[in-house]
$ cat input_37.cif   # mmCIF, C-alpha atoms
data_entry
#
loop_
_atom_site.label_atom_id
_atom_site.label_comp_id
_atom_site.auth_asym_id
_atom_site.auth_seq_id
_atom_site.Cartn_x
_atom_site.Cartn_y
_atom_site.Cartn_z
CA MET A 3 42.81 68.83 134.75
CA SER A 4 40.19 70.31 132.40
CA ARG A 5 40.97 72.15 129.12
CA ILE A 6 40.07 75.46 130.82
CA SER A 7 42.32 74.62 133.76
CA VAL A 8 45.21 73.74 131.46
CA ARG A 9 44.77 77.01 129.54
CA GLY A 10 44.60 78.96 132.79
CA PHE A 11 47.74 77.28 134.05
CA ALA A 12 49.61 78.17 130.85
CA VAL A 13 48.54 81.81 131.04
CA ALA A 14 49.42 81.99 134.71
CA SER A 15 52.81 80.38 134.07
CA ALA A 16 53.66 82.84 131.28
CA THR A 17 52.51 85.77 133.35
CA ALA A 18 54.47 84.52 136.32
CA VAL A 19 57.62 84.17 134.21
CA THR A 20 57.27 87.78 133.12
CA ALA A 21 56.52 88.96 136.64
CA VAL A 22 59.38 87.03 138.18
CA GLY A 23 61.66 88.31 135.44
CA SER A 24 60.66 91.83 136.37
CA VAL A 25 61.52 91.19 139.99
CA VAL A 26 64.93 89.79 138.98
CA GLY A 27 65.49 92.80 136.73
CA VAL A 28 64.82 95.14 139.62
CA ALA A 29 67.14 93.15 141.83
CA SER A 30 69.90 93.25 139.21
CA GLY A 31 69.92 97.02 138.88
CA SER A 32 66.68 98.09 137.18
CA THR A 33 65.74 101.80 137.56
CA ALA A 34 62.16 101.00 138.64
CA GLN A 35 61.00 102.62 141.82
CA ASN A 36 60.85 100.65 145.10
CA ASN A 37 57.03 100.74 145.17
CA ASP A 38 56.92 99.27 141.66
CA ALA A 39 59.37 96.56 142.71
CA GLU A 40 57.26 95.68 145.75
CA ALA A 41 54.08 95.59 143.65
CA THR A 42 55.73 93.42 141.01
CA ALA A 43 57.11 91.07 143.65
CA ALA A 44 53.68 90.76 145.26
CA GLU A 45 52.12 90.09 141.86
CA ALA A 46 54.73 87.46 141.08
CA ALA A 47 54.17 85.76 144.44
CA THR A 48 50.38 85.68 143.84
CA LEU A 49 50.79 84.24 140.35
CA LEU A 50 53.29 81.65 141.54
CA ALA A 51 50.84 80.63 144.25
CA ASP A 52 48.30 79.76 141.50
CA ILE A 53 50.79 77.39 139.90
CA PRO A 54 51.28 73.90 141.31
CA SER A 55 54.27 73.76 143.59
CA GLY A 56 55.94 71.21 141.32
CA GLN A 57 55.96 73.73 138.46
CA GLN A 58 57.03 76.84 140.37
CA ALA A 59 60.76 76.02 140.11
CA GLN A 60 60.40 75.65 136.35
CA VAL A 61 58.66 79.02 136.10
CA GLN A 62 61.37 80.70 138.16
CA THR A 63 64.09 79.04 136.05
CA ALA A 64 62.40 80.18 132.85
CA SER A 65 62.16 83.69 134.24
CA LEU A 66 65.86 83.76 135.10
CA THR A 67 66.72 82.40 131.63
CA GLN A 68 64.59 85.10 130.00
CA GLN A 69 66.31 87.75 132.08
CA ALA A 70 69.78 86.39 131.24
CA ASP A 71 68.90 86.34 127.51
CA ALA A 72 67.72 89.94 127.68
CA GLN A 73 70.91 91.01 129.45
CA ALA A 74 73.05 89.13 126.90
CA ILE A 75 71.27 90.87 124.00
CA ALA A 76 71.77 94.24 125.70
CA ALA A 77 75.44 93.46 126.31
CA ASP A 78 75.96 92.42 122.67
CA ALA A 79 74.33 95.63 121.46
CA SER A 80 76.50 97.70 123.79
CA ALA A 81 79.65 95.85 122.70
CA LYS A 82 78.76 96.34 119.02
CA LYS A 83 78.20 100.04 119.60
CA ASP A 84 81.53 100.33 121.44
CA ALA A 85 83.31 98.46 118.64
CA GLU A 86 81.80 100.70 115.96
CA GLU A 87 82.79 103.80 117.92
CA ALA A 88 86.34 102.47 118.37
CA ALA A 89 86.56 101.71 114.64
CA ARG A 90 85.39 105.22 113.74
CA LYS A 91 87.90 106.71 116.16
CA ALA A 92 90.74 104.56 114.79
CA ALA A 93 89.84 105.48 111.20
CA ALA A 94 89.81 109.17 112.09
CA GLU A 95 93.18 108.89 113.84
CA THR A 96 94.66 107.02 110.84
CA ALA A 97 93.39 109.67 108.45
CA ILE A 98 94.89 112.43 110.59
CA ALA A 99 98.21 110.57 110.83
CA LYS A 100 98.34 110.08 107.04
CA LYS A 101 97.55 113.74 106.46
CA GLU A 102 100.26 114.83 108.90
CA ALA A 103 102.77 112.44 107.30
CA ALA A 104 101.96 113.77 103.82
CA GLU A 105 102.30 117.35 105.00
CA LYS A 106 105.60 116.52 106.71
CA ALA A 107 106.94 114.82 103.56
CA ALA A 108 105.88 117.76 101.39
CA LYS A 109 107.52 120.19 103.78
CA ALA A 110 110.74 118.14 103.83
CA ALA A 111 110.78 118.01 100.02
CA GLU A 112 110.24 121.76 99.83
CA GLU A 113 113.03 122.40 102.31
CA ALA A 114 115.38 120.07 100.40
CA LYS A 115 114.56 121.88 97.18
CA LYS A 116 115.17 125.22 98.84
CA ARG A 117 118.52 124.04 100.27
CA ALA A 118 119.59 122.75 96.86
CA ALA A 119 118.72 126.07 95.25
CA GLU A 120 120.59 127.98 97.95
CA GLU A 121 123.64 125.75 97.59
CA ALA A 122 123.61 126.15 93.82
CA ALA A 123 123.32 129.91 94.19
CA ALA A 124 126.14 129.92 96.73
CA SER A 125 128.29 127.84 94.41
CA ARG A 126 127.66 130.22 91.53
CA SER A 127 128.38 133.28 93.62
CA ALA A 128 131.52 131.69 95.05
CA ALA A 129 132.89 130.77 91.61
CA ARG A 130 135.37 133.28 90.29
CA ASP A 131 135.33 134.76 86.81
CA ALA A 132 138.28 134.90 84.38
CA SER A 133 138.66 138.60 85.05
CA ASP A 134 139.32 137.88 88.74
CA PHE A 135 142.79 136.52 87.97
CA ALA A 136 145.82 138.69 87.32
CA VAL A 137 147.28 138.31 83.86
CA GLN A 138 150.71 136.66 83.73
CA SER A 139 153.23 136.08 80.98
CA SER A 140 153.07 132.33 81.55
CA TYR A 141 151.27 129.79 83.75
CA SER A 142 152.21 126.45 85.23
CA VAL A 143 149.86 123.45 85.14
CA ALA A 144 149.32 123.80 88.91
CA GLN A 145 148.32 127.45 88.49
CA ILE A 146 145.89 126.63 85.69
CA GLN A 147 144.30 123.82 87.71
CA ALA A 148 143.98 126.15 90.71
CA MET A 149 142.13 128.65 88.50
CA ALA A 150 139.82 125.92 87.24
CA ARG A 151 139.03 124.77 90.76
CA GLN A 152 137.89 128.30 91.61
CA MET A 153 135.79 128.69 88.46
CA VAL A 154 134.19 125.22 88.13
CA PRO A 155 131.60 123.94 90.67
CA ALA A 156 133.23 121.46 93.04
CA GLY A 157 130.92 118.60 92.08
CA GLN A 158 131.78 119.06 88.39
CA PHE A 159 135.51 119.64 88.63
CA GLN A 160 136.69 116.03 88.25
CA CYS A 161 134.68 115.57 85.05
CA PHE A 162 135.95 118.91 83.78
CA SER A 163 139.52 117.88 84.60
CA ASN A 164 139.13 114.51 82.84
CA ILE A 165 138.25 116.25 79.58
CA VAL A 166 141.16 118.69 79.81
CA ASP A 167 143.52 115.80 80.61
CA HIS A 168 142.54 114.03 77.40
CA GLU A 169 142.32 117.11 75.16
CA SER A 170 145.47 119.03 76.09
CA ASP A 171 147.04 117.68 79.27
CA TRP A 172 146.45 121.17 80.74
CA ASN A 173 148.61 122.89 78.11
CA TYR A 174 146.83 126.17 77.37
CA ARG A 175 149.02 126.70 74.26
CA ALA A 176 148.47 123.21 72.84
CA VAL A 177 147.94 123.14 69.06
CA ASN A 178 146.76 120.18 66.98
CA PRO A 179 149.15 120.16 64.00
CA SER A 180 146.63 118.65 61.60
CA SER A 181 143.43 120.50 62.49
CA GLY A 182 144.67 123.63 64.20
CA ALA A 183 142.50 123.00 67.31
CA TYR A 184 143.82 125.15 70.11
CA GLY A 185 144.14 125.44 73.87
CA LEU A 186 142.97 123.52 76.90
CA PHE A 187 139.82 122.29 75.19
CA GLN A 188 141.18 122.03 71.63
CA ALA A 189 138.59 124.48 70.36
CA LEU A 190 138.23 124.38 66.57
CA PRO A 191 138.82 126.96 65.46
CA GLY A 192 140.52 128.37 68.54
CA SER A 193 139.17 131.82 67.73
CA LYS A 194 135.76 130.67 69.00
CA MET A 195 137.08 131.37 72.48
CA SER A 196 137.25 135.09 71.64
CA SER A 197 133.54 135.20 72.56
CA VAL A 198 134.59 135.42 76.21
CA GLY A 199 137.87 137.29 75.88
CA ALA A 200 140.28 138.71 73.33
CA ASP A 201 143.19 137.16 75.21
CA TRP A 202 142.04 133.60 74.55
CA GLN A 203 145.42 132.57 73.13
CA THR A 204 147.44 133.55 76.20
CA ASN A 205 145.08 133.51 79.18
CA PRO A 206 144.07 130.08 80.54
CA ALA A 207 141.36 131.70 82.70
CA THR A 208 139.64 132.91 79.52
CA GLN A 209 139.89 129.42 78.05
CA ILE A 210 138.49 127.86 81.23
CA LYS A 211 135.52 130.23 81.15
CA TRP A 212 134.84 129.38 77.51
CA GLY A 213 135.19 125.64 78.08
CA LEU A 214 132.85 125.66 81.07
CA ASN A 215 130.24 127.67 79.15
CA TYR A 216 130.54 125.28 76.21
CA MET A 217 130.01 122.17 78.35
CA ASN A 218 127.05 123.69 80.18
CA GLU A 219 125.34 124.98 77.04
CA ARG A 220 125.93 121.94 74.82
CA TYR A 221 125.64 119.08 77.33
CA GLY A 222 124.16 120.55 80.50
CA SER A 223 127.24 120.17 82.70
CA PRO A 224 130.90 119.08 82.60
CA CYS A 225 129.91 115.61 83.87
CA ASP A 226 127.37 115.21 81.07
CA ALA A 227 130.06 116.34 78.62
CA TRP A 228 132.47 113.77 80.10
CA SER A 229 129.87 111.01 79.72
CA PHE A 230 129.54 111.92 76.04
CA TRP A 231 133.32 112.02 75.65
CA GLN A 232 133.68 108.54 77.13
CA ALA A 233 131.16 107.16 74.65
CA ASN A 234 132.52 108.98 71.60
CA HIS A 235 136.09 110.09 72.44
CA TRP A 236 135.22 113.63 71.41
CA TYR A 237 132.76 116.21 72.68
#
$ encode --input "input_37.cif" --output "structure tokens"
Amino acid sequence: MSRISVRGFAVASATAVTAVGSVVGVASGSTAQNNDAEATAAEAATLLADIPSGQQAQVQTASLTQQADAQAIAADASAKKDAEEAARKAAAETAIAKKEAAEKAAKAAEEAKKRAAEEAAASRSAARDASDFAVQSSYSVAQIQAMARQMVPAGQFQCFSNIVDHESDWNYRAVNPSSGAYGLFQALPGSKMSSVGADWQTNPATQIKWGLNYMNERYGSPCDAWSFWQANHWY
């Protein structure tokens, strides 16, 4: 075979591969029109006829391989595009979920804060003042404790009671013989309790009001006052 013949064979083979590949593409679902498919098939048949019969199978195999490679590349590109779209969608859904969770948490915190404020307000409004109790000539320990329970917030009462237990054992007329400290809270001087009522010497409700105010103003609450008392044995 001459150099020109060899070159012609190579060109014909390459052209035939492309032509056969086109025919396979049409057969596998290409959008080319029927007339184009028939023309391409005819062209491929003509080109294949110019190639020695021993080489035609190789040309057809090469064409099919080329077509398969092209389809694989297209499939990879499509899969990559689908994956990127799925990733974008997942990221958007995650962002939305995080935003909704944050909004839900903020709303729950706000509602909890509101409930706490309402409960505190209800507790304050429910607490009775010293003037709400009828004045008596004398009071038992049970009566004094009942007054305190109605004047002191429920969550603070035990701490409040602990201090009174240690200071006076709920004796509203208790007097320290050495210092002169007086009443349920051993106020020194006892006359300090006159800031909430002139009957501080004889009315335990007045003393309770003064003691509660003192604990709240000096320590923040009866329980904070009790914590200080435990550490120092005075308050």
$ resolve_selection --input "input_37.cif" --expression "the PyMOL selection byres ((chain A and resi 211-221) around 12)" --output "PyMOL selection string"
chain A and resi 129-135+146+149-155+158-159+161-163+165-166+169+174+184-190+192-203+205-210+222-231+237
$ atom_distance --input "input_37.cif" --atom1 "CA of Thr96 in chain A" --atom2 "CA of Ala110 in chain A"
20.8 Å
$ closest_residue --input "input_37.cif" --among "A:Asn173, A:Ile98, A:Ala77, A:Ser180" --to "Ser140 in chain A" --atoms "only C-alpha atoms"
A:Asn173
$ atom_distance --input "input_37.cif" --atom1 "CA of Glu86 in chain A" --atom2 "CA of Ala74 in chain A"
18.2 Å
